[in-house]
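Trainee: Below is the file target_19.cif, which contains mmCIF, C-alpha atoms.
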```
data_structure
loop_
_atom_site.label_atom_id
_atom_site.label_comp_id
_atom_site.auth_asym_id
_atom_site.auth_seq_id
_atom_site.Cartn_x
_atom_site.Cartn_y
_atom_site.Cartn_z
CA MET A 1 27.23 5.46 -35.14
CA SER A 2 26.61 9.00 -33.92
CA CYS A 3 25.88 9.98 -30.34
CA ASP A 4 22.50 11.39 -31.42
CA ARG A 5 21.24 7.90 -32.14
CA MET A 6 22.79 6.37 -29.07
CA GLU A 7 20.51 7.27 -26.20
CA GLU A 8 17.76 4.78 -26.94
CA ARG A 9 20.31 2.17 -27.94
CA LEU A 10 22.18 2.63 -24.68
CA HIS A 11 19.07 1.80 -22.65
CA ASP A 12 18.40 -1.25 -24.80
CA TYR A 13 22.05 -2.24 -24.48
CA VAL A 14 22.03 -1.97 -20.69
CA ASP A 15 18.71 -3.86 -20.56
CA GLY A 16 20.06 -6.66 -22.74
CA TYR A 17 17.49 -6.17 -25.50
CA LEU A 18 19.93 -5.91 -28.40
CA PHE A 19 20.85 -8.63 -30.82
CA GLN A 20 24.53 -9.48 -31.14
CA LYS A 21 25.30 -7.21 -34.10
CA GLU A 22 23.62 -4.20 -32.53
CA ARG A 23 25.32 -4.93 -29.24
CA LEU A 24 28.73 -5.04 -30.91
CA ASP A 25 27.98 -1.75 -32.66
CA VAL A 26 27.18 -0.10 -29.35
CA GLU A 27 30.26 -1.54 -27.69
CA ARG A 28 32.42 -0.26 -30.51
CA HIS A 29 30.94 3.20 -30.06
CA LEU A 30 31.43 3.07 -26.30
CA GLY A 31 35.08 2.24 -26.85
CA GLU A 32 35.46 5.49 -28.75
CA CYS A 33 33.10 7.86 -26.91
CA ALA A 34 33.71 8.87 -23.30
CA SER A 35 30.44 10.78 -23.12
CA CYS A 36 28.32 7.77 -24.06
CA ARG A 37 30.40 5.54 -21.75
CA GLN A 38 29.53 7.87 -18.90
CA GLU A 39 25.88 7.87 -19.95
CA ALA A 40 25.79 4.08 -19.92
CA GLU A 41 27.47 3.98 -16.53
CA GLU A 42 24.95 6.44 -15.11
CA ILE A 43 22.07 4.27 -16.32
CA ARG A 44 23.72 1.22 -14.74
CA ALA A 45 24.26 3.10 -11.48
CA LEU A 46 20.59 4.07 -11.37
CA LEU A 47 19.55 0.47 -11.94
CA ARG A 48 21.89 -0.71 -9.18
CA SER A 49 20.21 1.74 -6.78
CA VAL A 50 16.79 0.59 -7.87
CA ALA A 51 17.79 -3.03 -7.38
CA GLY A 52 18.50 -2.17 -3.74
CA LEU A 53 14.96 -1.03 -3.06
CA PRO A 54 12.92 -3.41 -0.93
CA ARG A 55 10.44 -5.51 -2.84
CA GLU A 56 8.12 -5.43 0.13
CA ILE A 57 6.74 -2.53 2.12
CA LEU A 58 4.62 -3.22 5.15
CA PRO A 59 1.08 -1.96 4.69
CA PRO A 60 -0.67 -0.07 7.50
CA ALA A 61 -1.40 -2.42 10.38
CA ASP A 62 -5.15 -1.88 10.27
CA LEU A 63 -5.51 -2.66 6.59
CA TRP A 64 -6.27 -6.33 7.14
CA SER A 65 -9.17 -5.61 9.47
CA VAL A 66 -10.67 -3.17 6.97
CA THR A 67 -10.16 -5.56 4.07
CA SER A 68 -11.59 -8.55 5.92
CA ALA A 69 -14.58 -6.54 7.09
CA ALA A 70 -15.31 -5.64 3.49
CA ALA A 71 -14.78 -9.21 2.28
CA ARG A 72 -16.98 -10.74 4.95
CA THR A 73 -19.97 -8.83 3.66
CA SER A 74 -19.71 -11.07 0.63
CA PRO A 75 -21.93 -14.16 0.89
CA ALA A 76 -19.29 -16.25 -0.83
CA PRO A 77 -16.29 -15.75 -3.08
CA GLY A 78 -17.32 -14.98 -6.60
CA ARG A 79 -20.82 -13.90 -5.62
CA ARG A 80 -20.19 -10.56 -4.01
CA GLY A 81 -23.45 -8.70 -4.07
CA ALA A 82 -24.59 -5.16 -4.26
CA ALA A 83 -24.70 -4.88 -0.46
CA ALA A 84 -21.00 -5.59 -0.27
CA ARG A 85 -20.26 -2.98 -2.87
CA ARG A 86 -22.09 -0.47 -0.75
CA ILE A 87 -20.33 -1.44 2.47
CA ARG A 88 -16.82 -1.65 1.10
CA PRO A 89 -16.25 2.06 0.57
CA MET A 90 -17.85 2.65 3.93
CA MET A 91 -15.27 0.44 5.63
CA ALA A 92 -12.47 2.11 3.74
CA ALA A 93 -13.80 5.44 4.92
CA ALA A 94 -13.87 4.14 8.50
CA ALA A 95 -10.23 3.21 8.27
CA ALA A 96 -9.34 6.54 6.74
CA VAL A 97 -10.98 8.56 9.45
CA VAL A 98 -9.31 6.49 12.13
CA LEU A 99 -5.97 7.20 10.49
CA ILE A 100 -6.74 10.90 10.67
CA ALA A 101 -7.75 10.60 14.29
CA THR A 102 -4.63 8.61 15.07
CA ALA A 103 -2.57 11.31 13.40
CA ALA A 104 -4.23 13.82 15.67
CA VAL A 105 -3.26 11.80 18.72
CA THR A 106 0.31 11.55 17.47
CA LEU A 107 0.44 15.25 16.92
CA LEU A 108 -0.85 15.89 20.40
CA LEU A 109 1.79 13.65 21.92
CA VAL A 110 4.48 15.35 19.90
CA ARG A 111 3.24 18.76 20.90
CA GLY A 112 3.03 17.62 24.50
CA ARG A 113 6.73 16.91 24.42
CA GLY A 114 7.46 20.21 22.77
CA GLU A 115 9.00 18.56 19.72
CA GLN A 116 8.56 19.24 16.05
CA ALA A 117 6.18 16.98 14.17
CA PRO A 118 8.04 14.23 12.32
CA ALA A 119 7.71 13.60 8.59
CA ALA A 120 5.28 10.72 9.10
CA VAL A 121 2.82 13.01 10.79
CA ALA A 122 3.33 15.64 8.16
CA SER A 123 2.25 13.14 5.51
CA THR A 124 -1.20 12.78 7.10
CA PRO A 125 -4.03 15.22 6.40
CA ARG A 126 -2.34 17.83 8.48
CA GLU A 127 -4.49 20.64 7.09
CA ALA A 128 -7.21 19.53 9.47
CA LEU A 129 -4.83 19.59 12.38
CA ALA A 130 -2.47 22.42 11.77
CA ALA A 131 -2.33 25.54 13.83
CA GLY A 132 -5.30 24.66 16.03
CA THR A 133 -5.68 24.78 19.74
CA LEU A 134 -5.59 21.59 21.75
CA MET A 135 -9.37 21.58 22.11
CA VAL A 136 -9.92 22.09 18.39
CA ASP A 137 -7.59 19.19 17.63
CA ILE A 138 -9.30 16.95 20.11
CA GLU A 139 -12.71 17.78 18.72
CA ALA A 140 -11.51 17.00 15.21
CA ALA A 141 -10.08 13.67 16.37
CA GLU A 142 -13.26 12.84 18.26
CA ALA A 143 -15.38 13.58 15.20
CA GLU A 144 -13.27 11.21 13.15
CA PHE A 145 -13.52 8.46 15.74
CA ARG A 146 -17.27 8.91 15.97
CA ARG A 147 -17.64 8.54 12.23
CA ALA A 148 -15.45 5.45 12.24
CA THR A 149 -17.23 3.75 15.14
CA ALA A 150 -20.64 4.59 13.64
CA GLN A 151 -19.64 2.77 10.49
CA LEU A 152 -18.41 -0.24 12.42
CA LEU A 153 -21.66 -0.28 14.40
CA LYS A 154 -23.60 -0.41 11.14
CA VAL A 155 -21.62 -3.44 10.01
CA LEU A 156 -21.99 -5.06 13.43
CA GLU A 157 -25.73 -4.49 13.41
CA ARG A 158 -26.01 -6.69 10.33
CA HIS A 159 -24.22 -9.53 12.08
CA ARG A 160 -25.45 -9.28 15.67
CA GLY A 161 -27.38 -12.51 15.26
CA GLU A 162 -24.12 -14.38 14.80
CA LEU A 163 -22.76 -13.50 18.24
CA PRO A 164 -23.78 -15.56 21.31
CA PRO A 165 -26.24 -13.72 23.59
CA GLY A 166 -23.68 -13.58 26.41
CA THR A 167 -21.11 -11.95 24.15
CA LEU A 168 -23.65 -9.45 22.91
CA GLN A 169 -24.60 -8.53 26.44
CA ALA A 170 -20.96 -8.09 27.44
CA LEU A 171 -20.34 -6.02 24.34
CA ASP A 172 -23.28 -3.72 25.05
CA GLU A 173 -22.23 -3.31 28.69
CA ASN A 174 -18.67 -2.50 27.72
CA LEU A 175 -19.80 -0.03 25.10
CA GLU A 176 -21.88 1.70 27.73
CA LYS A 177 -18.90 1.87 30.11
CA ILE A 178 -16.61 3.19 27.40
CA ASP A 179 -19.16 5.85 26.49
CA GLU A 180 -19.26 6.85 30.15
CA ALA A 181 -15.45 6.95 30.24
CA ILE A 182 -15.43 9.16 27.14
CA ALA A 183 -17.92 11.52 28.78
CA ASP A 184 -15.87 11.64 32.00
CA ALA A 185 -12.61 12.30 30.14
CA ARG A 186 -14.33 14.93 28.03
CA ALA A 187 -15.68 16.68 31.12
CA ALA A 188 -12.22 16.68 32.71
CA LEU A 189 -10.75 18.17 29.54
CA GLU A 190 -13.36 20.91 29.47
CA ARG A 191 -12.33 21.82 33.01
CA ASP A 192 -8.67 21.90 32.01
CA PRO A 193 -8.73 22.52 28.25
CA GLU A 194 -5.00 23.04 27.71
CA ASN A 195 -3.92 19.82 29.41
CA PRO A 196 -2.48 17.54 26.69
CA ARG A 197 -2.65 14.46 28.95
CA LEU A 198 -6.41 14.84 29.20
CA GLY A 199 -6.58 15.34 25.47
CA HIS A 200 -4.72 12.12 24.98
CA LEU A 201 -7.01 10.36 27.43
CA VAL A 202 -10.10 11.37 25.45
CA THR A 203 -8.72 10.10 22.16
CA ALA A 204 -7.29 6.95 23.78
CA VAL A 205 -10.74 5.97 25.08
CA HIS A 206 -12.24 6.59 21.65
CA LYS A 207 -9.53 4.39 20.18
CA ARG A 208 -10.40 1.66 22.68
CA LYS A 209 -14.02 1.80 21.59
CA PHE A 210 -12.98 1.56 17.95
CA ASP A 211 -10.71 -1.42 18.65
CA MET A 212 -13.42 -3.23 20.60
CA LEU A 213 -15.97 -2.74 17.84
CA ARG A 214 -13.52 -3.86 15.22
CA GLU A 215 -12.84 -7.03 17.17
CA ALA A 216 -16.57 -7.59 17.64
CA VAL A 217 -17.09 -7.33 13.88
CA ARG A 218 -14.33 -9.85 13.38
CA LEU A 219 -15.93 -12.25 15.86
CA ALA A 220 -19.41 -11.78 14.44
CA ALA A 221 -18.44 -12.75 10.92
CA PRO A 222 -15.12 -14.59 10.87
CA LEU A 223 -13.68 -15.32 7.48
CA MET B 1 7.60 -15.43 1.88
CA GLU B 2 6.08 -14.32 5.14
CA ALA B 3 4.98 -10.77 4.58
CA VAL B 4 4.39 -9.86 8.20
CA GLY B 5 6.83 -12.28 9.71
CA TYR B 6 4.50 -14.94 11.05
CA SER B 7 2.09 -17.57 9.90
CA LEU B 8 -1.42 -17.54 11.31
CA VAL B 9 -2.18 -21.07 10.23
CA GLU B 10 0.40 -23.60 11.26
CA ASP B 11 -0.59 -26.22 8.72
CA ALA B 12 -1.41 -23.94 5.81
CA GLY B 13 1.44 -25.67 4.01
CA SER B 14 2.72 -24.69 0.62
CA GLU B 15 1.31 -21.94 -1.50
CA THR B 16 -0.34 -24.48 -3.77
CA ASP B 17 -2.03 -26.20 -0.83
CA LEU B 18 -3.14 -22.89 0.60
CA VAL B 19 -4.73 -21.76 -2.65
CA ARG B 20 -6.33 -25.16 -3.23
CA ARG B 21 -7.86 -25.12 0.23
CA LEU B 22 -9.16 -21.60 -0.32
CA GLN B 23 -10.70 -22.70 -3.59
CA GLY B 24 -12.23 -25.60 -1.70
CA GLY B 25 -14.05 -23.19 0.57
CA GLU B 26 -11.72 -22.83 3.58
CA MET B 27 -12.06 -19.08 3.53
CA ALA B 28 -10.61 -18.77 7.02
CA LEU B 29 -7.26 -19.12 5.24
CA PHE B 30 -7.80 -15.84 3.43
CA GLU B 31 -6.01 -14.03 6.24
CA GLU B 32 -3.01 -16.31 5.83
CA LEU B 33 -2.94 -15.49 2.14
CA TYR B 34 -3.10 -11.78 2.98
CA ARG B 35 -0.27 -12.07 5.52
CA ARG B 36 1.94 -13.77 3.03
CA HIS B 37 1.41 -11.34 0.17
CA ALA B 38 0.24 -7.99 1.52
CA ALA B 39 3.69 -6.40 1.68
CA ARG B 40 4.45 -7.21 -1.96
CA VAL B 41 1.05 -6.05 -3.14
CA TYR B 42 1.26 -2.86 -1.08
CA ALA B 43 4.75 -2.08 -2.43
CA ILE B 44 3.50 -2.32 -6.01
CA CYS B 45 0.44 -0.19 -5.25
CA LEU B 46 2.45 2.42 -3.36
CA ARG B 47 5.14 2.82 -5.96
CA MET B 48 2.78 2.85 -8.93
CA SER B 49 0.28 5.23 -7.37
CA GLY B 50 2.85 7.40 -5.59
CA ASP B 51 0.30 8.01 -2.88
CA VAL B 52 -0.10 6.36 0.53
CA SER B 53 -3.85 6.77 0.69
CA ARG B 54 -4.40 5.38 -2.81
CA ALA B 55 -2.06 2.50 -2.06
CA ARG B 56 -4.26 1.49 0.89
CA ASP B 57 -7.38 1.50 -1.24
CA LEU B 58 -5.69 -0.29 -4.12
CA THR B 59 -4.27 -2.98 -1.85
CA GLN B 60 -7.69 -3.51 -0.34
CA GLU B 61 -9.29 -3.64 -3.78
CA THR B 62 -6.71 -6.16 -4.95
CA PHE B 63 -7.42 -8.54 -2.08
CA LEU B 64 -11.14 -8.17 -2.53
CA ARG B 65 -10.68 -9.20 -6.15
CA VAL B 66 -8.64 -12.18 -4.97
CA TRP B 67 -11.53 -13.04 -2.66
CA GLU B 68 -13.94 -12.85 -5.58
CA ARG B 69 -11.79 -14.58 -8.14
CA ILE B 70 -9.74 -17.15 -6.28
CA GLY B 71 -11.89 -19.82 -7.91
CA SER B 72 -10.76 -18.72 -11.34
CA PHE B 73 -7.06 -19.24 -10.59
CA ARG B 74 -6.21 -22.37 -12.55
CA GLY B 75 -2.67 -22.92 -11.39
CA GLU B 76 -1.15 -22.40 -14.81
CA SER B 77 1.32 -19.94 -13.31
CA MET B 78 2.59 -19.41 -9.79
CA PHE B 79 -0.04 -17.86 -7.56
CA SER B 80 2.26 -14.91 -6.83
CA THR B 81 2.58 -14.23 -10.57
CA TRP B 82 -1.21 -14.23 -10.91
CA LEU B 83 -1.59 -12.00 -7.87
CA HIS B 84 1.01 -9.45 -8.95
CA ARG B 85 -0.55 -9.23 -12.40
CA LEU B 86 -3.93 -8.73 -10.78
CA THR B 87 -2.43 -5.98 -8.61
CA VAL B 88 -1.00 -4.19 -11.62
CA ASN B 89 -4.35 -4.41 -13.40
CA VAL B 90 -6.09 -2.91 -10.39
CA VAL B 91 -3.63 -0.01 -10.27
CA LEU B 92 -3.71 0.64 -14.00
CA GLY B 93 -7.51 0.49 -14.00
CA ASP B 94 -7.57 3.06 -11.24
CA HIS B 95 -5.08 5.19 -13.11
CA ARG B 96 -7.25 5.11 -16.20
CA ALA B 97 -10.30 6.03 -14.15
CA GLU B 98 -8.79 9.14 -12.72
CA THR B 99 -5.53 11.00 -12.78
CA ARG B 100 -4.08 11.77 -9.40
CA ARG B 101 -0.74 13.33 -8.63
CA PRO B 102 -0.04 13.75 -4.91
CA LEU B 103 3.50 13.42 -3.73
CA PHE B 104 4.48 10.21 -2.00
CA VAL B 105 6.41 10.73 1.21
CA ALA B 106 8.09 7.46 2.07
CA PRO B 107 6.49 6.31 5.33
CA GLU B 108 8.74 5.90 8.33
CA ASP B 109 7.73 2.27 8.79
CA SER B 110 8.17 1.18 5.20
CA THR B 111 11.03 -1.15 5.97
CA PRO B 112 11.39 -4.41 4.08
CA ALA B 113 9.07 -6.96 5.65
CA ALA B 114 11.86 -9.48 6.03
CA GLU B 115 13.69 -7.21 8.41
CA PRO B 116 12.69 -6.41 11.96
CA ALA B 117 10.87 -3.12 12.32
CA SER B 118 13.31 -0.26 12.23
CA PRO B 119 12.52 3.42 12.47
CA PHE B 120 14.78 4.16 9.52
CA PRO B 121 15.89 2.29 6.44
CA ARG B 122 19.51 1.24 6.37
CA LYS B 123 20.50 4.04 4.00
CA PRO B 124 17.80 6.57 4.63
CA GLY B 125 19.12 9.28 2.34
CA LEU B 126 19.67 7.18 -0.75
CA ARG B 127 16.55 5.12 -0.50
CA ARG B 128 14.22 7.91 0.50
CA ASP B 129 15.55 10.23 -2.19
CA LEU B 130 15.06 7.55 -4.78
CA GLU B 131 11.52 6.72 -3.60
CA ARG B 132 10.61 10.39 -3.62
CA ALA B 133 12.06 10.87 -7.08
CA ILE B 134 10.11 7.87 -8.39
CA ALA B 135 6.92 9.18 -6.81
CA ALA B 136 7.48 12.57 -8.42
CA LEU B 137 7.69 11.13 -11.95
CA PRO B 138 4.83 11.80 -14.36
CA ALA B 139 2.25 9.06 -13.82
CA GLU B 140 2.71 7.16 -17.06
CA ALA B 141 6.49 7.21 -16.88
CA ARG B 142 6.32 6.14 -13.24
CA ASN B 143 4.08 3.20 -13.99
CA ILE B 144 6.32 1.97 -16.78
CA PHE B 145 9.46 2.47 -14.68
CA VAL B 146 8.04 0.54 -11.74
CA LEU B 147 6.79 -2.27 -13.96
CA HIS B 148 10.03 -2.60 -15.92
CA ASP B 149 12.86 -1.68 -13.59
CA ILE B 150 11.42 -2.72 -10.24
CA GLU B 151 8.92 -5.46 -11.03
CA GLY B 152 10.88 -6.91 -13.93
CA TYR B 153 8.21 -7.00 -16.64
CA ARG B 154 9.40 -6.77 -20.26
CA HIS B 155 8.16 -4.13 -22.67
CA GLU B 156 5.92 -6.58 -24.51
CA GLU B 157 4.20 -7.55 -21.26
CA ILE B 158 3.84 -3.92 -20.25
CA ALA B 159 2.36 -3.08 -23.64
CA GLU B 160 -0.20 -5.81 -23.15
CA MET B 161 -1.09 -4.56 -19.67
CA THR B 162 -1.29 -0.89 -20.55
CA GLY B 163 -2.86 -1.25 -23.98
CA LYS B 164 -0.09 0.82 -25.53
CA SER B 165 2.76 -0.15 -27.80
CA ALA B 166 6.10 -1.57 -26.73
CA GLY B 167 7.68 1.51 -28.31
CA THR B 168 5.67 3.76 -26.00
CA SER B 169 6.74 1.64 -23.05
CA LYS B 170 10.38 2.06 -24.05
CA SER B 171 10.17 5.80 -24.57
CA GLN B 172 8.40 6.30 -21.26
CA LEU B 173 10.99 4.15 -19.50
CA HIS B 174 13.86 6.12 -20.96
CA ARG B 175 12.14 9.35 -20.02
CA ALA B 176 11.65 8.13 -16.46
CA ARG B 177 15.29 7.14 -16.13
CA ARG B 178 16.44 10.46 -17.50
CA LEU B 179 14.23 12.36 -15.05
CA LEU B 180 15.41 10.24 -12.17
CA ARG B 181 19.06 10.79 -12.98
CA GLU B 182 18.44 14.50 -13.13
CA ALA B 183 16.53 14.47 -9.85
CA LEU B 184 19.23 12.50 -8.05
CA ARG B 185 22.20 14.58 -9.21
#
```
Show the structure stored in the file as structure tokens.

Mentor:
Amino acid sequence: MSCDRMEERLHDYVDGYLFQKERLDVERHLGECASCRQEAEEIRALLRSVAGLPREILPPADLWSVTSAAARTSPAPGRRGAAARRIRPMMAAAAAVVLIATAAVTLLLVRGRGEQAPAAVASTPREALAAGTLMVDIEAAEAEFRRATAQLLKVLERHRGELPPGTLQALDENLEKIDEAIADARAALERDPENPRLGHLVTAVHKRKFDMLREAVRLAAPL
Amino acid sequence: MEAVGYSLVEDAGSETDLVRRLQGGEMALFEELYRRHAARVYAICLRMSGDVSRARDLTQETFLRVWERIGSFRGESMFSTWLHRLTVNVVLGDHRAETRRPLFVAPEDSTPAAEPASPFPRKPGLRRDLERAIAALPAEARNIFVLHDIEGYRHEEIAEMTGKSAGTSKSQLHRARRLLREALR
């Protein structure tokens, strides 16, 4: 058997797809051909490396909350309606914008320490964040948080009736306080616009609002 | 398998019990099901799509389909087999719908779920290079490679899933391996 016909056979041989006669033919050829022996060994080496890859990779931590929020808009399994199909992309978008905002916060912290951005940050939509001033970055992060919280508020609005009145009242009061805290932090940042700690404070309060709303949605319509 | 390292429901019991109870209407157990399987589903979505953002959406879509279709699971195979096949169908359906080709940068936290969180994989160079090289493969070759060499499907099964012949599956697999060997030299 010539080497020209061997490449495909070698893969099949390594994968154990060949019948006995074909397998013996390949082994005979390998006994005579150093080049094909090396080829077979390289394929095996690749497969050994691949076998060492983890079978599991942790998904982003917020993916469950986004997925459950989308699922809970379904009245029951198997009967997901048009309303759910409208809300699902909205929730995915909420998660996406929070990721962008979180990336902005990470970048700010990194910059605050005078370090270079790590690869994980570089894999986020950095175009929106690159080469901007602190204030520009903060405004971009705030815009993303506002979009995300607005979407959560829409979902929550549909389920407000499922929260006890006392919880609703506490939620509204806390939202009001957080909005005040955002305004205060924002005002402080405007007075000292190059202070990264204040920038972080603004985005941290937005994040708190997002987390609280997400939890409220979870409580309003538990799976 | 505990995907995130803990069980939310103490008495969720075996996989069979969990699925049966979900089918019986105990939808509160959906989170338990997600915790057990999310890391496997996400790994398939990430490697086949080669894109972190798509992998998020595809994982979410997969679990929403589980939510919709759990009643149709008849127990003729293991639940994980059914779920992984569903995942692959979701990814391939997305691939058919639109062709995307961003480069996957292995996330810092993509450690195996069974291990405690570590900022870096045990052999960062080897693993990351390999993941990057897989992500950089042409989409069809990447899909076949992931299905055959990582997920362990045979060419006949892949042909059934992709709607192409077993011969096409083989040629794409061999192409993928050749490209990977070149990329890793």

Trainee: List the spatial neighbours of Arg181 in chain B as JSON, numbers by chain - criterion: any atom at most 12 Å away, only C-alpha atoms, same-chain residues fewer than 3 positions off excluded.

Mentor: {"A": [39, 40, 41, 42, 43, 44, 45, 46, 47, 49, 50], "B": [129, 130, 133, 134, 137, 174, 175, 176, 177, 178, 184, 185]}

Trainee: Leaving out Met78 in chain B and any residue of its chain fewer than 5 positions from it, which residues lie within 12 Å of it when counting all atoms listed in the file, given as an NGL selection string?

Mentor: :B and (14-16 or 19 or 73 or 83-85)

Trainee: Choose the residue, out of A:His200, A:Arg218, A:Lys209, A:Arg48, that has the smallest atom-to-atom separation from Glu162 in chain A; count all atoms listed in the file.

Mentor: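 With all atoms listed in the file as the atom set, the closest residue is A:Arg218.
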
Trainee: Apply the PyMOL selection byres ((chain A and resi 2) around 12) to the displayed file and report the matching residues as a list in words.

Mentor: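 Applied to this file, the PyMOL selection byres ((chain A and resi 2) around 12) returns Met1, Cys3, Asp4, Arg5, Met6, Glu7, Arg9, Asp25, Val26, Arg28, His29, Leu30, Glu32, Cys33, Ser35 and Cys36 of chain A.
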
Trainee: What do you get, as a VMD selection string, if you spell out every residue that the PyMOL selection byres ((chain A and resi 217) around 12) selects here?

Mentor: chain A and resid 65 to 66 68 to 73 91 149 151 to 163 167 to 168 171 210 to 216 218 to 223

Trainee: Quote the spacing between CA of Glu68 in chain B and CA of Ile44 in chain B in Å to one decimal place.

Mentor: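 Distance reported for this atom pair: 20.4 Å.
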
Trainee: Would you work out the distance separating CA of Cys45 in chain B from CA of Arg142 in chain B, expressed in Å to one decimal?

Mentor: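 Interatomic distance here is 11.8 Å.
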
Trainee: Taking the point (-11.7, 15.6, 29.4) as given in the file, collect each protein or nucleic acid residue that comes within 12 Å of it, counting all atoms listed in the file, and present the set as a VMD selection string.

Mentor: chain A and resid 134 to 135 138 to 139 142 180 to 206

Trainee: Which value, in Å to one decimal, gives the distance between CA of Ile57 in chain A and CA of Ala43 in chain B?

Mentor: 5.0 Å

Trainee: Using all atoms listed in the file, which residues sit within 10 Å of Arg54 in chain B once same-chain residues fewer than 3 positions away are excluded, as a list in words?

Mentor: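 Selected residues are Cys45, Leu46, Met48, Ser49, Gly50, Asp51, Asp57, Leu58, Thr59, Gln60, Val91, Asp94, Arg100 and Pro102 of chain B.
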
Trainee: Could you work out an axis-aligned box for range 149-152 of chain B, taking every atom the file lists and adding 6 Å on each side, and report centre and edge lengths in Å to one decimal, as AutoDock Vina command-line options?

Mentor:
```
--center_x 10.9 --center_y -4.3 --center_z -12.1 --size_x 15.9 --size_y 17.2 --size_z 15.7
```
